[in-house]
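Visitor: One file: coords.txt (compact mmCIF, C-alpha atoms).
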# COMPACT_ATOMS: atom_id res chain seq x y z
CA MET A 977 -61.07 -102.94 17.40
CA SER A 978 -57.54 -101.73 17.73
CA ILE A 979 -54.71 -101.37 15.31
CA LEU A 980 -51.03 -100.67 15.68
CA ILE A 981 -49.54 -98.15 13.29
CA ARG A 982 -45.77 -98.41 13.06
CA LYS A 983 -43.12 -96.81 10.89
CA ALA A 984 -41.75 -98.98 8.08
CA VAL A 985 -37.98 -99.49 7.92
CA PRO A 986 -35.76 -100.91 5.14
CA SER A 987 -35.95 -104.44 6.53
CA ASN A 988 -39.75 -104.27 5.99
CA ALA A 989 -39.46 -103.69 2.22
CA PHE A 990 -40.63 -107.16 1.16
CA GLU A 991 -43.59 -107.23 3.59
CA TYR A 992 -44.52 -103.73 2.51
CA ALA A 993 -44.44 -104.78 -1.15
CA GLU A 994 -46.55 -107.89 -0.46
CA ASN A 995 -49.17 -105.71 1.20
CA HIS A 996 -48.97 -103.17 -1.63
CA VAL A 997 -49.74 -105.82 -4.25
CA ALA A 998 -52.51 -107.50 -2.22
CA CYS A 999 -54.20 -104.20 -1.46
CA TRP A 1000 -53.99 -102.94 -5.04
CA ARG A 1001 -55.40 -106.19 -6.42
CA ALA A 1002 -58.42 -105.80 -4.15
CA ALA A 1003 -58.89 -102.02 -4.32
CA TYR A 1004 -58.56 -101.76 -8.09
CA LYS A 1005 -60.33 -104.97 -9.17
CA GLY A 1006 -62.76 -103.92 -11.89
CA ILE A 1007 -61.04 -100.51 -12.17
CA LEU A 1008 -57.64 -101.55 -13.54
CA SER A 1009 -57.29 -104.51 -15.87
CA ASP A 1010 -56.74 -107.99 -14.46
CA ASP A 1011 -53.61 -108.25 -16.63
CA TYR A 1012 -52.14 -105.12 -15.06
CA LEU A 1013 -52.93 -106.25 -11.51
CA ASN A 1014 -51.72 -109.82 -12.09
CA GLN A 1015 -48.38 -108.69 -13.54
CA MET A 1016 -47.49 -106.66 -10.43
CA SER A 1017 -44.23 -108.04 -9.07
CA VAL A 1018 -43.71 -108.15 -5.30
CA GLU A 1019 -39.96 -108.55 -5.91
CA GLN A 1020 -39.69 -105.45 -8.12
CA ILE A 1021 -41.84 -103.36 -5.79
CA ALA A 1022 -39.78 -104.60 -2.81
CA GLU A 1023 -36.60 -103.38 -4.53
CA THR A 1024 -38.16 -99.95 -4.90
CA TYR A 1025 -39.27 -99.88 -1.27
CA GLN A 1026 -35.84 -101.07 -0.13
CA ARG A 1027 -34.31 -98.05 -1.84
CA ILE A 1028 -36.97 -95.57 -0.71
CA LEU A 1029 -37.01 -96.74 2.91
CA SER A 1030 -33.20 -96.58 3.03
CA GLU A 1031 -33.06 -92.93 2.01
CA PRO A 1032 -34.10 -90.18 4.37
CA GLY A 1033 -36.86 -88.22 2.73
CA THR A 1034 -40.08 -86.36 3.18
CA PHE A 1035 -42.34 -89.42 2.88
CA ASN A 1036 -43.60 -91.15 6.01
CA PHE A 1037 -44.26 -94.88 5.46
CA TYR A 1038 -46.32 -96.86 7.97
CA PHE A 1039 -47.59 -100.40 8.45
CA ILE A 1040 -51.02 -101.09 9.86
CA GLU A 1041 -51.19 -104.17 12.09
CA HIS A 1042 -54.10 -105.96 13.71
CA ASP A 1043 -53.49 -109.00 15.91
CA LYS A 1044 -49.83 -108.98 14.74
CA LYS A 1045 -50.89 -109.27 11.09
CA ILE A 1046 -50.03 -106.57 8.57
CA ILE A 1047 -53.39 -105.45 7.20
CA GLY A 1048 -52.52 -102.20 5.46
CA ARG A 1049 -50.14 -99.40 4.70
CA LEU A 1050 -50.12 -95.65 4.85
CA VAL A 1051 -47.94 -92.92 3.33
CA PHE A 1052 -48.16 -89.19 3.98
CA ASN A 1053 -45.90 -86.27 3.23
CA LYS A 1054 -45.64 -82.66 2.10
CA SER A 1055 -47.84 -82.02 -0.93
CA ARG A 1056 -46.22 -82.70 -4.28
CA ASP A 1057 -48.57 -80.25 -6.04
CA GLU A 1058 -47.03 -76.87 -6.89
CA ASP A 1059 -50.29 -75.00 -6.25
CA LYS A 1060 -50.67 -76.66 -2.82
CA SER A 1061 -47.04 -76.52 -1.66
CA ASP A 1062 -48.09 -75.52 1.88
CA ALA A 1063 -50.40 -78.53 2.30
CA GLY A 1064 -49.83 -82.06 3.51
CA GLU A 1065 -50.70 -85.04 1.35
CA ILE A 1066 -51.90 -88.55 2.00
CA SER A 1067 -50.16 -90.45 -0.80
CA ALA A 1068 -51.35 -93.96 0.04
CA MET A 1069 -53.94 -95.46 2.37
CA TYR A 1070 -54.76 -99.11 1.79
CA LEU A 1071 -56.23 -102.03 3.72
CA LEU A 1072 -56.64 -105.69 2.82
CA SER A 1073 -60.23 -106.15 1.63
CA GLU A 1074 -61.30 -108.31 4.56
CA TYR A 1075 -60.73 -105.26 6.81
CA TRP A 1076 -62.83 -102.82 4.80
CA GLY A 1077 -65.89 -101.34 6.51
CA LYS A 1078 -64.75 -102.19 10.04
CA GLY A 1079 -63.45 -98.77 11.14
CA TYR A 1080 -59.75 -99.42 10.51
CA GLY A 1081 -59.63 -96.99 7.61
CA ARG A 1082 -61.06 -94.29 9.85
CA GLU A 1083 -58.36 -95.00 12.44
CA MET A 1084 -55.73 -94.70 9.72
CA MET A 1085 -57.24 -91.44 8.52
CA ASP A 1086 -57.39 -90.01 12.05
CA PHE A 1087 -53.73 -90.93 12.58
CA SER A 1088 -52.73 -89.30 9.28
CA LEU A 1089 -54.64 -86.11 9.95
CA PHE A 1090 -53.24 -85.85 13.49
CA GLU A 1091 -49.67 -86.36 12.28
CA LEU A 1092 -50.01 -83.93 9.37
CA LYS A 1093 -51.44 -81.29 11.71
CA ARG A 1094 -48.59 -81.95 14.16
CA MET A 1095 -46.18 -81.42 11.24
CA GLY A 1096 -47.64 -77.93 10.83
CA TYR A 1097 -50.05 -78.33 7.93
CA SER A 1098 -53.47 -76.67 7.97
CA GLU A 1099 -54.71 -78.37 4.81
CA VAL A 1100 -54.37 -81.90 3.43
CA LEU A 1101 -54.99 -83.34 0.00
CA LEU A 1102 -55.13 -86.72 -1.65
CA TRP A 1103 -55.67 -88.05 -5.14
CA VAL A 1104 -58.24 -90.71 -6.03
CA LEU A 1105 -59.15 -92.42 -9.28
CA LYS A 1106 -62.36 -90.96 -10.70
CA THR A 1107 -63.83 -94.45 -11.09
CA ASN A 1108 -63.01 -95.54 -7.52
CA ASN A 1109 -66.42 -94.77 -6.01
CA ARG A 1110 -65.81 -96.73 -2.80
CA ALA A 1111 -62.71 -94.67 -1.99
CA LYS A 1112 -64.34 -91.36 -2.95
CA LEU A 1113 -67.26 -92.08 -0.62
CA PHE A 1114 -64.86 -92.91 2.24
CA TYR A 1115 -62.87 -89.70 1.73
CA GLU A 1116 -66.04 -87.64 1.57
CA LYS A 1117 -67.19 -89.17 4.87
CA CYS A 1118 -63.83 -88.06 6.31
CA GLY A 1119 -64.48 -84.45 5.29
CA PHE A 1120 -62.62 -84.31 1.97
CA LEU A 1121 -64.14 -82.51 -1.00
CA PHE A 1122 -63.24 -82.62 -4.68
CA ASP A 1123 -61.64 -79.24 -5.48
CA GLY A 1124 -62.17 -79.44 -9.26
CA THR A 1125 -58.56 -80.41 -10.04
CA GLN A 1126 -58.01 -83.47 -12.21
CA LYS A 1127 -55.03 -85.07 -13.91
CA GLU A 1128 -54.51 -87.99 -16.22
CA VAL A 1129 -52.29 -90.84 -15.05
CA SER A 1130 -51.22 -93.81 -17.09
CA LEU A 1131 -51.48 -97.15 -15.33
CA ASP A 1132 -52.76 -99.95 -17.54
CA THR A 1133 -54.51 -97.31 -19.61
CA PRO A 1134 -55.05 -93.59 -18.99
CA HIS A 1135 -57.13 -92.87 -15.89
CA THR A 1136 -58.38 -89.64 -14.37
CA HIS A 1137 -57.28 -88.74 -10.84
CA MET A 1138 -59.36 -86.29 -8.83
CA ARG A 1139 -57.89 -84.14 -6.07
CA TYR A 1140 -59.72 -84.06 -2.76
CA VAL A 1141 -58.85 -81.54 -0.02
CA ARG A 1142 -59.85 -80.69 3.52
CA SER A 1143 -58.77 -78.35 6.26
CA LEU A 1144 -57.09 -79.59 9.41
The structure given in the file should be rewritten as structure tokens.

Guide:
Amino acid sequence: MSILIRKAVPSNAFEYAENHVACWRAAYKGILSDDYLNQMSVEQIAETYQRILSEPGTFNFYFIEHDKKIIGRLVFNKSRDEDKSDAGEISAMYLLSEYWGKGYGREMMDFSLFELKRMGYSEVLLWVLKTNNRAKLFYEKCGFLFDGTQKEVSLDTPHTHMRYVRSL
């Protein structure tokens, strides 16, 4: 079991968007509505990634490859939460469903935590949908704990996000 984690560049925008849509459709099946997931547009998301990946910023976008196939994506950065402005944040961590439960997620997490620590952070946070039990269990196994902070986000309908934190 070995993966390659490489930085995404503007020319990867379409591939990144394809992976985004595929991963969301699997991760949020039964959590978000089928209509919402089915209407996701690779082309529109690719346009957004083209712009984001072309601008220098504080977000770090990565591809996850296994046997030269893109199987996931990862985004981490400085926390966007005012009360945790000194923390790092994992903004996205997704794998195609056929790679779940095989240790690849743990490799992605280890890479993220190492890089965030190298960037000088001593704490990291992430947000997870309250109804996403599979993800919450994974994050808890990686040492994250719910800190009591919640926020409402509107996707297909309003959903509650829970903030998980851990020390580095």

Visitor: Just the residues within 8 Å of range 1043-1052 of chain A, please, counting all atoms listed in the file, with nothing from its chain fewer than 3 positions along; format it as a ChimeraX atom specification.

Guide: /A:979,992,995-996,999,1035-1040,1064-1072,1075,1084,1088,1092

Visitor: Which is closest to Arg1027 in chain A among A:Ser1061, A:Asn988, A:Thr1133, A:Ser1098, if we use all atoms listed in the file?

Guide: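 Closest to Arg1027 in chain A of all the choices is A:Asn988.
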
Visitor: So how many Å separate CA of Lys1127 in chain A and CA of Val1141 in chain A, to one decimal?

Guide: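 CA of Val1141 in chain A lies 14.8 Å from CA of Lys1127 in chain A.
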
Visitor: For the atom pair CA of Arg1142 in chain A and CA of Leu1008 in chain A, what is the interatomic distance in Å to one decimal place?

Guide: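 Answer for the CA of Arg1142 in chain A to CA of Leu1008 in chain A separation: 27.0 Å.
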
Visitor: Between A:Glu1099, A:Glu1041, A:Glu994, A:Asp1011, which one has atoms that come closest to Leu1131 in chain A, using all atoms listed in the file?

Guide: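 Using all atoms listed in the file, Leu1131 in chain A sits closest to A:Asp1011.
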
Visitor: Find the residues around range 1135-1139 of chain A up to 8 Å (all atoms listed in the file counted), leave out those fewer than 3 positions away in its own chain, and share them as a count of residues only.

Guide: 17

Visitor: Using Å and a single decimal, report how far CA of His1042 in chain A sits from CA of Leu1121 in chain A.

Guide: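 Calculated distance between CA of Leu1121 in chain A and CA of His1042 in chain A is 29.4 Å.
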
Visitor: Please list as a VMD selection string every residue within 9 Å of Asp1062 in chain A, counting only C-alpha atoms and excluding residues in the same chain fewer than 3 positions away.

Guide: chain A and resid 1054 to 1055 1058 to 1059 1097 to 1099

Visitor: Identify which of the residues A:Lys1093, A:Arg1001, A:Lys1060, A:Lys1078 lies closest to Ser1017 in chain A, counting all atoms listed in the file when measuring atom-to-atom distances.

Guide: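 Residue with the minimum atom-to-atom distance to Ser1017 in chain A: A:Arg1001.
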
Visitor: Residues at most 6 Å from range 1021-1026 of chain A, counting all atoms listed in the file, excluding those fewer than 3 positions away in the same chain, as number ranges by chain?

Guide: A: 986, 989-990, 993, 1018, 1029

Visitor: Compare A:Met1016, A:Val985, A:Arg1082, A:Pro1134 by their minimum atom-to-atom distance to Lys1117 in chain A, counting all atoms listed in the file, and give me the closest one.

Guide: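 Of the candidates, the smallest distance to Lys1117 in chain A is held by A:Arg1082.
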
Visitor: Tell me, as a PyMOL selection string, which residues lie within 12 Å of Asp1132 in chain A, counting only C-alpha atoms; anything in the same chain fewer than 5 positions away does not count.

Guide: chain A and resi 1004+1007-1016

Visitor: Store the residues picked out above in a file with C-alpha atoms, as a PDB file, keeping the file's coordinate frame.

Guide:
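What ended up in result35.pdb:
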ATOM      1  CA  TYR A1004     -58.560-101.760  -8.090  1.00  0.00           C
ATOM      2  CA  ILE A1007     -61.040-100.510 -12.170  1.00  0.00           C
ATOM      3  CA  LEU A1008     -57.640-101.550 -13.540  1.00  0.00           C
ATOM      4  CA  SER A1009     -57.290-104.510 -15.870  1.00  0.00           C
ATOM      5  CA  ASP A1010     -56.740-107.990 -14.460  1.00  0.00           C
ATOM      6  CA  ASP A1011     -53.610-108.250 -16.630  1.00  0.00           C
ATOM      7  CA  TYR A1012     -52.140-105.120 -15.060  1.00  0.00           C
ATOM      8  CA  LEU A1013     -52.930-106.250 -11.510  1.00  0.00           C
ATOM      9  CA  ASN A1014     -51.720-109.820 -12.090  1.00  0.00           C
ATOM     10  CA  GLN A1015     -48.380-108.690 -13.540  1.00  0.00           C
ATOM     11  CA  MET A1016     -47.490-106.660 -10.430  1.00  0.00           C
TER      12      MET A1016
END

Visitor: Given 8 Å on each side, where is the centre and what are the edge lengths in Å to one decimal of the axis-aligned box enclosing the listed atoms of range 1009-1019 of chain A, as AutoDock Vina command-line options?

Guide:
--center_x -48.6 --center_y -107.2 --center_z -11.0 --size_x 33.3 --size_y 21.3 --size_z 27.3

Visitor: Please determine, counting all atoms listed in the file, which residue among A:Gly1079, A:Tyr1115, A:Ala1063, A:Glu1019 has the shortest atom-to-atom distance to Val1100 in chain A.

Guide: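 Distance minimum relative to Val1100 in chain A lands on A:Ala1063.
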
Visitor: I need the residue nearest Arg1056 in chain A from this list: A:Thr1034, A:Gly1077, A:Gly1119, A:Ala984. Use all atoms listed in the file for the distance.

Guide: A:Thr1034
